[in-house]
$ cat query.txt   # compact mmCIF, C-alpha atoms and all ligand atoms
# COMPACT_ATOMS: atom_id res chain seq x y z
CA MET A 1 98.52 146.24 137.47
CA LYS A 2 98.23 143.80 134.56
CA GLN A 3 97.10 145.46 131.38
CA PHE A 4 94.67 143.66 129.07
CA ASN A 5 93.85 145.10 125.67
CA PRO A 6 90.19 145.56 124.85
CA SER A 7 89.09 143.78 121.67
CA ALA A 8 89.62 145.70 118.42
CA THR A 9 85.89 145.64 117.73
CA GLY A 10 85.35 146.95 121.27
CA ALA A 11 87.75 149.89 120.73
CA ILE A 12 85.89 151.12 117.65
CA GLN A 13 82.61 150.56 119.45
CA ALA A 14 83.87 152.76 122.31
CA ILE A 15 84.70 155.71 120.00
CA ALA A 16 81.41 155.26 118.16
CA HIS A 17 79.62 155.17 121.52
CA GLN A 18 81.18 158.51 122.51
CA MET A 19 80.12 160.03 119.20
CA ARG A 20 76.57 158.74 119.68
CA LYS A 21 76.49 160.19 123.18
CA SER A 22 77.26 163.59 121.72
CA GLY A 23 74.31 163.24 119.35
CA ILE A 24 76.06 161.99 116.20
CA HIS A 25 74.45 159.12 114.31
CA VAL A 26 77.11 156.47 113.64
CA TYR A 27 76.51 153.77 111.05
CA ASN A 28 77.58 150.47 112.56
CA PHE A 29 79.55 148.26 110.21
CA GLY A 30 81.88 147.50 113.14
CA THR A 31 80.35 144.87 115.38
CA GLY A 32 79.02 141.71 113.78
CA ASP A 33 75.77 141.38 115.64
CA PRO A 34 72.74 140.22 113.65
CA VAL A 35 70.24 142.99 114.42
CA LEU A 36 67.02 141.02 114.25
CA ALA A 37 63.93 140.56 116.42
CA ASN A 38 64.07 137.40 118.51
CA HIS A 39 62.51 134.46 116.71
CA PRO A 40 59.15 133.58 118.39
CA GLU A 41 60.50 130.16 119.49
CA ILE A 42 63.21 131.92 121.50
CA LEU A 43 60.73 134.27 123.13
CA ARG A 44 58.27 131.46 123.85
CA ALA A 45 60.91 129.40 125.61
CA ALA A 46 62.14 132.38 127.65
CA GLU A 47 58.66 133.58 128.59
CA LYS A 48 57.48 130.15 129.68
CA ASN A 49 60.36 129.93 132.11
CA LEU A 50 60.07 133.50 133.39
CA GLN A 51 56.77 132.48 134.93
CA HIS A 52 58.51 130.05 137.28
CA LYS A 53 58.95 131.55 140.69
CA MET A 54 62.40 130.16 141.40
CA ASN A 55 65.70 131.56 140.21
CA PRO A 56 68.33 129.07 141.33
CA TYR A 57 71.87 128.82 140.06
CA ALA A 58 72.05 126.82 136.86
CA PRO A 59 74.37 123.78 136.90
CA PHE A 60 77.96 124.89 136.21
CA ALA A 61 78.01 122.76 133.06
CA GLY A 62 74.75 124.26 131.83
CA LEU A 63 71.28 122.74 131.90
CA THR A 64 71.45 119.02 131.22
CA GLU A 65 68.62 119.21 128.69
CA LEU A 66 70.40 122.01 126.82
CA ARG A 67 73.71 120.09 126.76
CA ILE A 68 71.92 117.08 125.34
CA ALA A 69 69.91 119.16 122.85
CA ALA A 70 73.09 120.93 121.70
CA ALA A 71 74.90 117.60 121.27
CA GLU A 72 71.93 116.40 119.22
CA TRP A 73 72.09 119.59 117.12
CA MET A 74 75.67 118.66 116.25
CA ASN A 75 74.95 114.96 115.73
CA ARG A 76 72.03 115.60 113.39
CA ARG A 77 74.05 117.93 111.22
CA TYR A 78 77.37 116.08 111.17
CA ALA A 79 76.58 112.45 112.07
CA SER A 80 78.86 112.88 115.08
CA SER A 81 78.16 111.10 118.35
CA PHE A 82 78.53 113.71 121.09
CA ASP A 83 76.84 112.86 124.38
CA LEU A 84 76.29 114.70 127.65
CA ALA A 85 79.87 114.21 128.85
CA GLN A 86 81.15 115.77 125.62
CA SER A 87 79.01 118.90 125.72
CA VAL A 88 79.14 122.04 127.88
CA VAL A 89 77.23 125.33 127.79
CA THR A 90 79.44 128.42 128.10
CA CYS A 91 79.08 132.21 128.25
CA GLY A 92 79.15 132.57 124.48
CA GLY A 93 81.58 130.87 122.16
CA LYS A 94 84.13 133.35 123.47
CA PHE A 95 84.37 131.71 126.89
CA ALA A 96 84.58 128.25 125.30
CA ILE A 97 87.68 129.41 123.39
CA TYR A 98 89.15 131.18 126.43
CA ALA A 99 88.62 128.14 128.67
CA SER A 100 90.01 125.70 126.09
CA LEU A 101 93.18 127.76 125.74
CA GLN A 102 93.56 128.03 129.52
CA ILE A 103 93.38 124.25 129.71
CA LEU A 104 95.56 123.30 126.74
CA VAL A 105 98.31 125.90 126.74
CA GLU A 106 101.34 125.72 129.03
CA PRO A 107 103.53 128.83 129.36
CA GLY A 108 105.54 129.32 126.16
CA ASP A 109 103.46 126.90 124.08
CA GLU A 110 102.76 128.01 120.53
CA VAL A 111 99.26 128.46 119.21
CA LEU A 112 99.03 128.46 115.43
CA VAL A 113 96.38 130.62 113.83
CA PRO A 114 95.80 131.35 110.13
CA ALA A 115 95.75 135.12 109.51
CA PRO A 116 93.51 137.03 109.10
CA TYR A 117 92.07 135.79 112.37
CA TRP A 118 89.34 136.79 114.78
CA VAL A 119 90.51 139.76 116.85
CA SER A 120 90.24 138.10 120.27
CA TYR A 121 92.54 135.11 119.69
CA PRO A 122 95.89 136.91 120.25
CA GLU A 123 94.90 138.34 123.61
CA MET A 124 93.32 135.08 124.75
CA ILE A 125 96.50 133.20 123.82
CA GLN A 126 98.52 135.73 125.79
CA MET A 127 96.22 135.33 128.80
CA ALA A 128 97.02 131.62 128.68
CA ALA A 129 100.78 132.54 128.62
CA GLY A 130 101.03 131.08 125.13
CA ARG A 131 102.64 132.49 122.02
CA LEU A 132 100.65 133.38 118.90
CA VAL A 133 102.14 132.00 115.68
CA PRO A 134 100.23 133.57 112.80
CA ILE A 135 100.14 131.60 109.54
CA PRO A 136 99.74 134.21 106.81
CA THR A 137 97.23 133.51 104.06
CA ALA A 138 96.67 135.60 100.93
CA GLN A 139 93.59 136.97 99.23
CA SER A 140 94.99 135.62 95.94
CA SER A 141 94.78 132.05 97.28
CA GLY A 142 91.31 132.55 98.73
CA TRP A 143 92.58 133.32 102.26
CA LYS A 144 93.08 129.60 102.88
CA MET A 145 95.72 127.83 104.90
CA THR A 146 97.13 124.61 103.42
CA PRO A 147 98.50 121.65 105.41
CA GLN A 148 101.95 122.62 104.10
CA ASP A 149 101.51 126.14 105.54
CA LEU A 150 100.63 124.56 108.86
CA LEU A 151 103.54 122.12 108.89
CA SER A 152 106.06 124.78 107.93
CA HIS A 153 105.09 126.83 111.01
CA CYS A 154 105.25 123.93 113.50
CA THR A 155 108.04 123.64 116.06
CA GLU A 156 108.63 121.50 119.14
CA ARG A 157 106.54 123.98 121.12
CA SER A 158 103.47 123.93 118.86
CA ARG A 159 100.45 122.84 120.86
CA VAL A 160 97.17 124.10 119.39
CA LEU A 161 95.80 125.08 115.98
CA ILE A 162 92.85 127.46 116.07
CA LEU A 163 90.88 126.97 112.90
CA ASN A 164 88.02 129.38 112.31
CA ASN A 165 85.69 127.87 109.73
CA ALA A 166 83.65 129.75 108.44
CA CYS A 167 86.14 132.53 108.89
CA ASN A 168 85.63 135.93 110.45
CA PRO A 169 86.60 138.24 108.71
CA THR A 170 86.91 136.61 105.25
CA GLY A 171 83.84 134.35 105.13
CA VAL A 172 86.04 131.53 103.83
CA LEU A 173 84.79 127.94 104.08
CA TYR A 174 87.05 124.89 104.02
CA THR A 175 86.07 121.84 101.95
CA LYS A 176 85.91 118.29 103.30
CA LYS A 177 89.16 117.36 101.54
CA GLU A 178 90.98 120.44 102.83
CA LEU A 179 89.80 119.82 106.38
CA ALA A 180 90.74 116.14 106.22
CA GLU A 181 94.28 117.08 105.18
CA ILE A 182 94.62 119.82 107.80
CA LEU A 183 93.32 117.55 110.57
CA LYS A 184 95.73 114.82 109.53
CA ALA A 185 98.68 117.23 109.49
CA ALA A 186 97.65 118.49 112.94
CA ARG A 187 97.43 114.95 114.31
CA ASP A 188 100.83 114.07 112.84
CA ARG A 189 102.28 116.99 114.80
CA ASN A 190 100.33 116.17 117.99
CA LEU A 191 98.35 119.39 117.83
CA TRP A 192 95.02 120.02 119.42
CA VAL A 193 92.58 121.55 116.95
CA LEU A 194 90.29 124.21 118.39
CA SER A 195 87.68 124.50 115.67
CA ASP A 196 85.74 127.75 115.98
CA GLU A 197 82.50 127.13 114.08
CA VAL A 198 80.28 129.90 115.43
CA TYR A 199 79.04 130.81 111.91
CA SER A 200 78.11 127.23 110.96
CA GLU A 201 74.48 128.06 110.16
CA LEU A 202 75.23 131.28 108.26
CA VAL A 203 76.32 129.71 105.00
CA PHE A 204 74.81 131.00 101.77
CA ASP A 205 74.20 130.22 98.10
CA GLY A 206 73.92 126.46 98.64
CA SER A 207 77.51 126.19 99.90
CA GLU A 208 78.13 123.30 102.22
CA PHE A 209 79.45 123.77 105.71
CA ILE A 210 81.78 120.98 106.83
CA SER A 211 82.49 120.67 110.52
CA CYS A 212 85.57 119.17 112.11
CA ALA A 213 82.99 117.09 114.01
CA SER A 214 82.44 115.12 110.78
CA PHE A 215 85.79 113.32 111.24
CA PRO A 216 85.32 110.76 114.04
CA GLU A 217 88.89 109.52 113.59
CA HIS A 218 90.11 112.95 114.76
CA ALA A 219 87.70 113.36 117.70
CA PRO A 220 90.39 112.68 120.37
CA HIS A 221 92.30 115.87 119.45
CA VAL A 222 89.48 118.18 118.36
CA ILE A 223 87.37 120.68 120.33
CA ILE A 224 84.45 122.33 118.54
CA VAL A 225 83.22 125.76 119.61
CA GLU A 226 79.65 126.71 118.76
CA SER A 227 77.38 129.58 119.65
CA CYS A 228 73.83 130.90 119.53
CA SER A 229 75.08 134.49 119.00
CA LYS A 230 75.22 134.58 115.21
CA ASN A 231 73.48 131.36 114.17
CA PHE A 232 70.29 132.30 116.02
CA ALA A 233 70.81 136.10 116.37
CA MET A 234 71.13 135.81 120.15
CA ALA A 235 74.43 137.63 120.79
CA GLY A 236 73.23 139.42 123.93
CA TRP A 237 71.92 136.24 125.55
CA ARG A 238 75.50 134.89 125.82
CA VAL A 239 75.09 131.21 125.08
CA GLY A 240 77.84 129.15 123.50
CA PHE A 241 79.09 125.57 123.62
CA ALA A 242 82.17 123.41 123.54
CA PHE A 243 82.10 119.82 122.32
CA GLY A 244 85.07 117.50 122.70
CA PRO A 245 86.69 114.69 124.68
CA PRO A 246 85.15 114.23 128.16
CA SER A 247 88.49 115.02 129.87
CA ILE A 248 88.53 118.48 128.24
CA ILE A 249 84.84 119.16 128.81
CA SER A 250 85.01 118.25 132.51
CA ASN A 251 87.97 120.61 132.83
CA ILE A 252 86.03 123.44 131.17
CA ILE A 253 83.18 122.76 133.61
CA ALA A 254 85.62 122.96 136.54
CA LEU A 255 87.10 126.23 135.23
CA GLN A 256 83.61 127.59 134.72
CA SER A 257 82.57 126.54 138.25
CA GLN A 258 85.44 128.64 139.63
CA SER A 259 84.88 131.67 137.41
CA THR A 260 81.61 132.54 135.65
CA SER A 261 79.41 129.78 137.20
CA GLY A 262 78.04 129.36 133.69
CA THR A 263 75.67 131.47 131.69
CA ALA A 264 72.32 132.86 132.88
CA LEU A 265 69.51 130.37 133.39
CA ILE A 266 66.99 132.38 131.38
CA SER A 267 69.43 132.57 128.47
CA GLN A 268 69.85 128.82 128.52
CA GLN A 269 66.10 128.34 128.49
CA ALA A 270 65.79 130.76 125.57
CA ALA A 271 68.57 128.84 123.79
CA MET A 272 66.53 125.64 124.16
CA GLY A 273 63.84 127.32 122.05
CA ALA A 274 66.41 128.00 119.33
CA ILE A 275 68.22 124.66 119.41
CA LEU A 276 65.09 122.50 119.44
CA ASN A 277 63.87 124.44 116.40
CA PHE A 278 67.27 125.05 114.86
CA LYS A 279 66.24 124.60 111.23
CA GLU A 280 63.48 127.17 111.44
CA VAL A 281 65.37 129.67 113.59
CA SER A 282 68.62 129.49 111.63
CA SER A 283 66.86 129.85 108.30
CA TYR A 284 65.09 132.96 109.63
CA VAL A 285 68.49 134.48 110.48
CA ARG A 286 70.21 133.18 107.34
CA GLU A 287 67.60 134.63 105.00
CA ALA A 288 67.81 138.03 106.70
CA MET A 289 71.61 138.03 106.59
CA LYS A 290 71.69 136.94 102.96
CA ALA A 291 69.35 139.76 101.97
CA ARG A 292 71.60 142.24 103.82
CA ARG A 293 74.73 140.77 102.27
CA ASP A 294 73.29 141.02 98.75
CA LEU A 295 72.11 144.58 99.34
CA PHE A 296 75.50 145.55 100.80
CA PHE A 297 77.48 144.27 97.82
CA LYS A 298 75.04 145.67 95.27
CA ILE A 299 75.28 149.17 96.71
CA TYR A 300 79.00 149.00 97.53
CA ASN A 301 80.01 147.81 94.06
CA HIS A 302 77.74 150.38 92.43
CA LEU A 303 78.97 153.33 94.50
CA PHE A 304 82.66 152.49 94.36
CA LYS A 305 82.65 150.99 90.85
CA THR A 306 84.11 147.72 92.12
CA SER A 307 83.14 144.12 91.47
CA HIS A 308 83.73 142.45 94.83
CA GLN A 309 82.08 139.08 95.28
CA PRO A 310 80.46 138.18 98.60
CA GLY A 311 81.97 135.35 100.62
CA SER A 312 80.02 132.11 101.05
CA ALA A 313 79.51 132.46 104.79
CA ALA A 314 79.39 134.71 107.86
CA ILE A 315 78.40 138.36 107.92
CA TYR A 316 81.50 140.25 106.84
CA PHE A 317 83.38 141.82 103.96
CA PHE A 318 87.14 142.14 104.35
CA ALA A 319 87.73 145.14 102.13
CA PRO A 320 91.04 146.39 100.75
CA ILE A 321 91.49 149.99 101.93
CA GLY A 322 95.21 150.71 101.51
CA PRO A 323 97.98 151.05 104.10
CA ASP A 324 97.51 152.04 107.76
CA SER A 325 94.09 150.62 108.45
CA ILE A 326 93.80 152.25 111.89
CA LYS A 327 94.36 155.73 110.47
CA LYS A 328 91.97 155.05 107.62
CA CYS A 329 89.22 153.67 109.88
CA LYS A 330 89.53 156.66 112.22
CA GLU A 331 89.28 159.00 109.24
CA ILE A 332 86.21 157.13 108.00
CA LEU A 333 84.60 157.26 111.45
CA GLU A 334 85.28 160.98 111.86
CA LYS A 335 84.35 162.07 108.33
CA ALA A 336 81.57 159.68 107.33
CA HIS A 337 80.41 158.54 110.77
CA VAL A 338 80.85 154.95 109.64
CA ALA A 339 82.33 152.44 112.09
CA LEU A 340 84.58 149.69 110.64
CA VAL A 341 87.24 147.46 112.19
CA PRO A 342 90.85 148.01 111.03
CA GLY A 343 92.44 145.01 109.31
CA ILE A 344 95.47 145.13 111.58
CA GLY A 345 93.24 143.88 114.43
CA PHE A 346 92.84 140.69 112.37
CA GLY A 347 96.59 140.45 111.82
CA VAL A 348 96.55 141.77 108.22
CA GLU A 349 97.31 145.35 107.23
CA GLY A 350 95.68 147.10 104.25
CA TYR A 351 92.10 145.98 104.91
CA ALA A 352 89.08 146.88 106.99
CA ARG A 353 86.19 144.68 108.01
CA PHE A 354 82.61 145.64 107.25
CA ALA A 355 79.87 143.74 109.09
CA PHE A 356 76.61 143.75 107.11
CA SER A 357 74.39 142.53 109.94
CA GLU A 358 72.57 145.82 110.57
CA GLU A 359 69.14 146.62 109.17
CA GLU A 360 68.81 147.41 105.44
CA ASP A 361 68.22 151.16 105.77
CA GLN A 362 71.37 151.50 107.89
CA ILE A 363 73.40 149.59 105.32
CA GLU A 364 72.14 151.76 102.50
CA GLN A 365 72.49 155.09 104.29
CA GLY A 366 75.86 154.13 105.77
CA LEU A 367 77.36 153.28 102.39
CA ILE A 368 75.95 156.48 100.89
CA ALA A 369 77.54 158.46 103.74
CA LEU A 370 80.83 156.70 103.07
CA LYS A 371 80.73 157.57 99.39
CA LYS A 372 79.66 161.17 100.03
CA ASN A 373 82.47 161.82 102.49
CA LEU A 374 85.27 159.78 100.96
CA GLY A 375 84.51 159.93 97.26
CA GLU A 376 86.39 157.32 95.23
CA ARG A 377 88.98 156.83 97.94
CA ILE A 378 87.93 153.59 99.59
N1 LIG B 401 84.49 133.29 117.26
C1 LIG B 401 84.38 134.15 116.24
C2 LIG B 401 85.11 133.88 114.98
C3 LIG B 401 83.59 135.29 116.37
O1 LIG B 401 83.49 136.14 115.34
C4 LIG B 401 82.93 135.53 117.59
C5 LIG B 401 82.15 136.76 117.78
O2 LIG B 401 82.22 137.71 117.05
C6 LIG B 401 83.05 134.59 118.61
C7 LIG B 401 83.85 133.47 118.41
C8 LIG B 401 82.39 134.73 119.93
O3 LIG B 401 81.03 134.83 119.85
P1 LIG B 401 80.09 134.70 121.12
O4 LIG B 401 80.93 134.75 122.34
O5 LIG B 401 79.15 135.84 121.03
O6 LIG B 401 79.44 133.36 120.96

$ encode --input "query.txt" --output "structure tokens"
Amino acid sequence: MKQFNPSATGAIQAIAHQMRKSGIHVYNFGTGDPVLANHPEILRAAEKNLQHKMNPYAPFAGLTELRIAAAEWMNRRYASSFDLAQSVVTCGGKFAIYASLQILVEPGDEVLVPAPYWVSYPEMIQMAAGRLVPIPTAQSSGWKMTPQDLLSHCTERSRVLILNNACNPTGVLYTKKELAEILKAARDRNLWVLSDEVYSELVFDGSEFISCASFPEHAPHVIIVESCSKNFAMAGWRVGFAFGPPSIISNIIALQSQSTSGTALISQQAAMGAILNFKEVSSYVREAMKARRDLFFKIYNHLFKTSHQPGSAAIYFFAPIGPDSIKKCKEILEKAHVALVPGIGFGVEGYARFAFSEEEDQIEQGLIALKKNLGERI
């Protein structure tokens, strides 16, 4: 039997689930899932379509109108020029990344990923028979990878760079100049760039989000992954997208036709409600997440007498917690009933990731429970 590892967020969720089943209230700072009522535009779009009497298969590529609307969503934000042939609807951003790696990576190829990285990349690279090459970044340099870092990790076998901007878990955003230099370095080394941009709408404090889609000269070697999960608080609906060269997109559609058959029709119709009203829906989610982020840091810094600054994007705090993050997170879960994700799952020891996407009272009570049970020792 082949053995696949569950995602690191999933493992913590599983222990927390067991604790909940035995009647213990667990504060969830583990999974990054914006806990928010569906925006009315999402509900309206879903409800309108529920009244239809037919439930056919959706096209494997996703609904044509959704593919076009999603391409327009990109084009309006980034002045890109994606069309139908360059747009596919997937089962969340996760399947867009999985499918892209399946298509691009030959056995033994190297996939470069700045660390800390999203927990699912290593396993997905392994499933594609590739080899993960982490590119370490440091908190002291803002958790950013430079073009020199990239070039110094390239070999003859390097094939793909996964760039997660805005980054989970650090919230780091790359500037236009930084991206231009990274994209150029990648092109010089014949690398595909898989740009994971699933937090593109969750950018705070007037910071600017720059997409790799804003560089038309690099379009032939860039795939953009997007999602409704975080941007529109629709994680459970499972709607994501890939945008890129038609040859890649048609291959993703073929892979999808032989595996998932695409995401649920009703989810795609709900996603139309979000995408066609993206400004309104994303600002509803962004404002809620910003309020939770500000509350989280205010209470955290007060309780633990720290002065951590929030990141400019996404819904996480990558907190220093000392060595052996797995042991520490288990201790925190058992003693304080607070679920976190150990830093080692993101490829960096000594940290744990807090998600601040739960409702305010849970954030407040969870941090108080942490302080009460762990004292100064976070
Ligand atoms: N990429 C990153 C960086 C993520 O954090 C996540 C989810 O947590 C995903 C992709 C996948 O999201 P989804 O499949 O829900 O769109």

$ closest_residue --input "query.txt" --among "A:Ser80, A:Asn165, A:Gln148, A:Ser87" --to "ligand LIG 401 (chain B)" --atoms "only C-alpha atoms and all ligand atoms"
A:Asn165

$ closest_atom_pairs --input "query.txt" --of "chain A" --to "ligand LIG 401 (chain B)" --cutoff "10 Å" --atoms "all atoms listed in the file" --output "CSV"
residue,atom,partner,partner_atom,distance
A:Thr9,CA,B:LIG401,O2,8.8
A:Thr31,CA,B:LIG401,O2,7.6
A:Gly32,CA,B:LIG401,O2,6.1
A:Asp33,CA,B:LIG401,O2,7.6
A:Thr90,CA,B:LIG401,O6,8.7
A:Cys91,CA,B:LIG401,O4,6.7
A:Gly92,CA,B:LIG401,O4,3.5
A:Gly93,CA,B:LIG401,O6,3.5
A:Lys94,CA,B:LIG401,O4,3.7
A:Phe95,CA,B:LIG401,O4,6.5
A:Ala96,CA,B:LIG401,O4,8.0
A:Ile97,CA,B:LIG401,C7,7.5
A:Tyr98,CA,B:LIG401,O4,9.9
A:Tyr117,CA,B:LIG401,C2,7.7
A:Trp118,CA,B:LIG401,C2,5.1
A:Val119,CA,B:LIG401,O1,8.0
A:Ser120,CA,B:LIG401,N1,8.1
A:Tyr121,CA,B:LIG401,N1,8.6
A:Leu163,CA,B:LIG401,C2,9.2
A:Asn164,CA,B:LIG401,C2,6.0
A:Asn165,CA,B:LIG401,C2,8.0
A:Ala166,CA,B:LIG401,C2,7.9
A:Cys167,CA,B:LIG401,C2,6.3
A:Asn168,CA,B:LIG401,C2,5.0
A:Pro169,CA,B:LIG401,O1,7.6
A:Gly171,CA,B:LIG401,C2,9.9
A:Ser195,CA,B:LIG401,N1,9.5
A:Asp196,CA,B:LIG401,N1,5.8
A:Glu197,CA,B:LIG401,N1,7.2
A:Val198,CA,B:LIG401,N1,5.7
A:Tyr199,CA,B:LIG401,C2,7.5
A:Val225,CA,B:LIG401,C7,7.8
A:Glu226,CA,B:LIG401,O6,7.0
A:Ser227,CA,B:LIG401,O6,4.5
A:Cys228,CA,B:LIG401,O6,6.3
A:Ser229,CA,B:LIG401,O5,4.7
A:Lys230,CA,B:LIG401,O5,7.1
A:Asn231,CA,B:LIG401,O6,9.3
A:Ala233,CA,B:LIG401,O5,9.6
A:Met234,CA,B:LIG401,O5,8.1
A:Ala235,CA,B:LIG401,O5,5.1
A:Gly236,CA,B:LIG401,O5,7.5
A:Trp237,CA,B:LIG401,O5,8.5
A:Arg238,CA,B:LIG401,O5,6.1
A:Val239,CA,B:LIG401,O6,6.4
A:Gly240,CA,B:LIG401,O6,5.2
A:Phe241,CA,B:LIG401,O6,8.2
A:Ala314,CA,B:LIG401,O1,8.6
A:Ile315,CA,B:LIG401,O1,9.3
A:Tyr316,CA,B:LIG401,O1,9.6

$ closest_atom_pairs --input "query.txt" --of "region 245-325 of chain A" --to "region 50-53 of chain A" --cutoff "10 Å" --atoms "all atoms listed in the file" --output "CSV"
residue,atom,partner,partner_atom,distance
A:Leu265,CA,A:Leu50,CA,9.9
A:Ile266,CA,A:Leu50,CA,7.3
A:Gln269,CA,A:Leu50,CA,9.3

$ atom_distance --input "query.txt" --atom1 "CA of Ala336 (chain A)" --atom2 "CA of Lys372 (chain A)"
7.7 Å

$ atom_distance --input "query.txt" --atom1 "CA of Leu101 (chain A)" --atom2 "CA of Met74 (chain A)"
21.9 Å

$ closest_atom_pairs --input "query.txt" --of "region 207-310 of chain A" --to "region 34-39 of chain A" --cutoff "12 Å" --atoms "only C-alpha atoms" --output "tab-separated table"
residue	atom	partner	partner_atom	distance
A:Cys228	CA	A:Pro34	CA	11.1
A:Ser229	CA	A:Pro34	CA	8.2
A:Lys230	CA	A:Pro34	CA	6.4
A:Asn231	CA	A:Pro34	CA	8.9
A:Phe232	CA	A:His39	CA	8.1
A:Ala233	CA	A:Pro34	CA	5.3
A:Met234	CA	A:Asn38	CA	7.4
A:Ala235	CA	A:Pro34	CA	7.8
A:Gly236	CA	A:Pro34	CA	10.3
A:Trp237	CA	A:Asn38	CA	10.6
A:Ala270	CA	A:Asn38	CA	9.8
A:Ala271	CA	A:His39	CA	10.9
A:Gly273	CA	A:His39	CA	9.0
A:Ala274	CA	A:His39	CA	8.0
A:Ile275	CA	A:His39	CA	11.7
A:Asn277	CA	A:His39	CA	10.1
A:Phe278	CA	A:His39	CA	10.7
A:Lys279	CA	A:His39	CA	11.9
A:Glu280	CA	A:His39	CA	9.0
A:Val281	CA	A:His39	CA	6.4
A:Ser282	CA	A:His39	CA	9.4
A:Ser283	CA	A:His39	CA	10.5
A:Tyr284	CA	A:His39	CA	7.7
A:Val285	CA	A:Leu36	CA	7.7
A:Arg286	CA	A:Pro34	CA	9.8
A:Glu287	CA	A:Leu36	CA	11.3
A:Ala288	CA	A:Leu36	CA	8.2
A:Met289	CA	A:Pro34	CA	7.5
A:Lys290	CA	A:Pro34	CA	11.2
A:Arg292	CA	A:Pro34	CA	10.1
A:Arg293	CA	A:Pro34	CA	11.6

$ residues_around --input "query.txt" --residues "Tyr351 (chain A)" --least-positions-apart "4" --cutoff "8 Å" --atoms "all atoms listed in the file" --output "count of residues only"
10

$ atom_distance --input "query.txt" --atom1 "CA of Arg353 (chain A)" --atom2 "CA of Gln365 (chain A)"
17.6 Å

$ residues_around --input "query.txt" --residues "region 17-25 of chain A" --least-positions-apart "3" --cutoff "8 Å" --atoms "all atoms listed in the file" --output "list of chain:residue names"
A:Gln13, A:Ala14, A:His337

$ closest_residue --input "query.txt" --among "A:Ser158, A:Gln102, A:Asn49, A:Thr146" --to "Lys184 (chain A)" --atoms "only C-alpha atoms"
A:Thr146

$ closest_residue --input "query.txt" --among "A:Ile332, A:Ile368, A:Ile363, A:Leu150" --to "Ala16 (chain A)" --atoms "only C-alpha atoms"
A:Ile332

$ residues_near_point --input "query.txt" --point "(83.2, 158.9, 110.5)" --cutoff "12 Å" --atoms "only C-alpha atoms" --output "PyMOL selection string"
chain A and resi 12+15-16+19-20+24-30+327-340+366-367+369-374

$ closest_residue --input "query.txt" --among "A:Leu66, A:Ile210, A:Leu43, A:Ile103" --to "Ile249 (chain A)" --atoms "only C-alpha atoms"
A:Ile103

$ closest_residue --input "query.txt" --among "A:Pro122, A:Pro59, A:Gly130, A:Pro245" --to "Gly108 (chain A)" --atoms "only C-alpha atoms"
A:Gly130

$ closest_residue --input "query.txt" --among "A:Phe209, A:Phe346, A:Phe317, A:Tyr300" --to "Arg77 (chain A)" --atoms "all atoms listed in the file"
A:Phe209
